[in-house]
Amino acid sequence: MLRICHQGADLVIGHDDLLKYTGRKNIIAAALSYRVLKWMLPTLSPDRPPERRHLLFRLGFAGPGLIDCFEMATRAQSDGRLTVDPDGAPPEAPPAPSGRFYFEGFYRERGCSAFPLAGFFPPDFVHLVCLYQEGGGTRSEQAAYLAMKEDVAATILMAADNDLFSRWVWKRDQHQPDVGACVPATR
């Protein structure tokens, strides 16, 4: 479960909540968002759930499902605390339809980043999304595409963090308070 503080009250958000918010069409986005936030939130604030309004995010892909999930859990997009930088992701991050599956999170003096390791997405994933995400193809092609998405989402949800993500924890450079002033601290 995701634990976030909002105006002094602790919120508990599950994967099912994200999936209901974004819809089954975005089943992979819900699984990936849930897993990355489940690792990031306690990494950014190890002693207690982080306060929503102090969380900042930078994503390497502006997929509507990812944006939905981050918004539902953190309100970061509506509050102007979520940016998308398709060119800011490392080349090892898996390709997405326009950018890469790469996530950075910041909370007060801490930051972290993560991207899924190779092998969680089929080699032709971006091509399949472009062909079938909006309902294209034959009925059997759509069925195969939806089955692939279910399999990828289930694999993401079941994987151990160490098997799923390449991750880094950051510390803020005290001389420059902006988010871009973070420097790698640990891996």
# chains A, B, ... in the order shown; residues from 1 in each chain; ligands from 1
>>> select_by_dssp(residues="stretch 20-177 of chain A", states="alpha helix (DSSP H)", output="ChimeraX atom specification")
/A:20-22,27-44,64-74,125-132,139-158,161-164
>>> select_by_dssp(residues="chain A", states="strand (DSSP E)", output="count of residues only")
51
>>> closest_residue(among="A:Pro46, A:Pro94, A:Gly23, A:Gly88", to="A:Asp68", atoms="only C-alpha atoms")
A:Gly23
>>> atom_distance(atom1="atom CA of A:Phe120", atom2="atom CA of A:Ala153")
9.1 Å
>>> atom_distance(atom1="atom CA of A:Gln7", atom2="atom CA of A:Lys20")
23.7 Å
>>> residues_around(residues="stretch 123-135 of chain A", least_positions_apart="3", cutoff="9 Å", atoms="only C-alpha atoms", output="PyMOL selection string")
chain A and resi 25+95-98+119+138+141-142+145-146
>>> closest_residue(among="A:Arg48, A:Arg167, A:Arg100, A:Lys38", to="A:Asp85", atoms="only C-alpha atoms")
A:Arg100
>>> closest_residue(among="A:Phe121, A:Leu55, A:Leu2, A:Pro91", to="A:Arg75", atoms="only C-alpha atoms")
A:Leu55
>>> residues_around(residues="A:Thr43", least_positions_apart="4", cutoff="8 Å", atoms="only C-alpha atoms", output="PDB file with C-alpha atoms, in the first residue's frame")
ATOM      1  CA  TRP A  39       9.522   2.185  -3.402  1.00  0.00           C
ATOM      2  CA  CYS A 112      15.594   9.264  -5.865  1.00  0.00           C
ATOM      3  CA  VAL A 169      18.921   7.677  -3.891  1.00  0.00           C
TER       4      VAL A 169
END
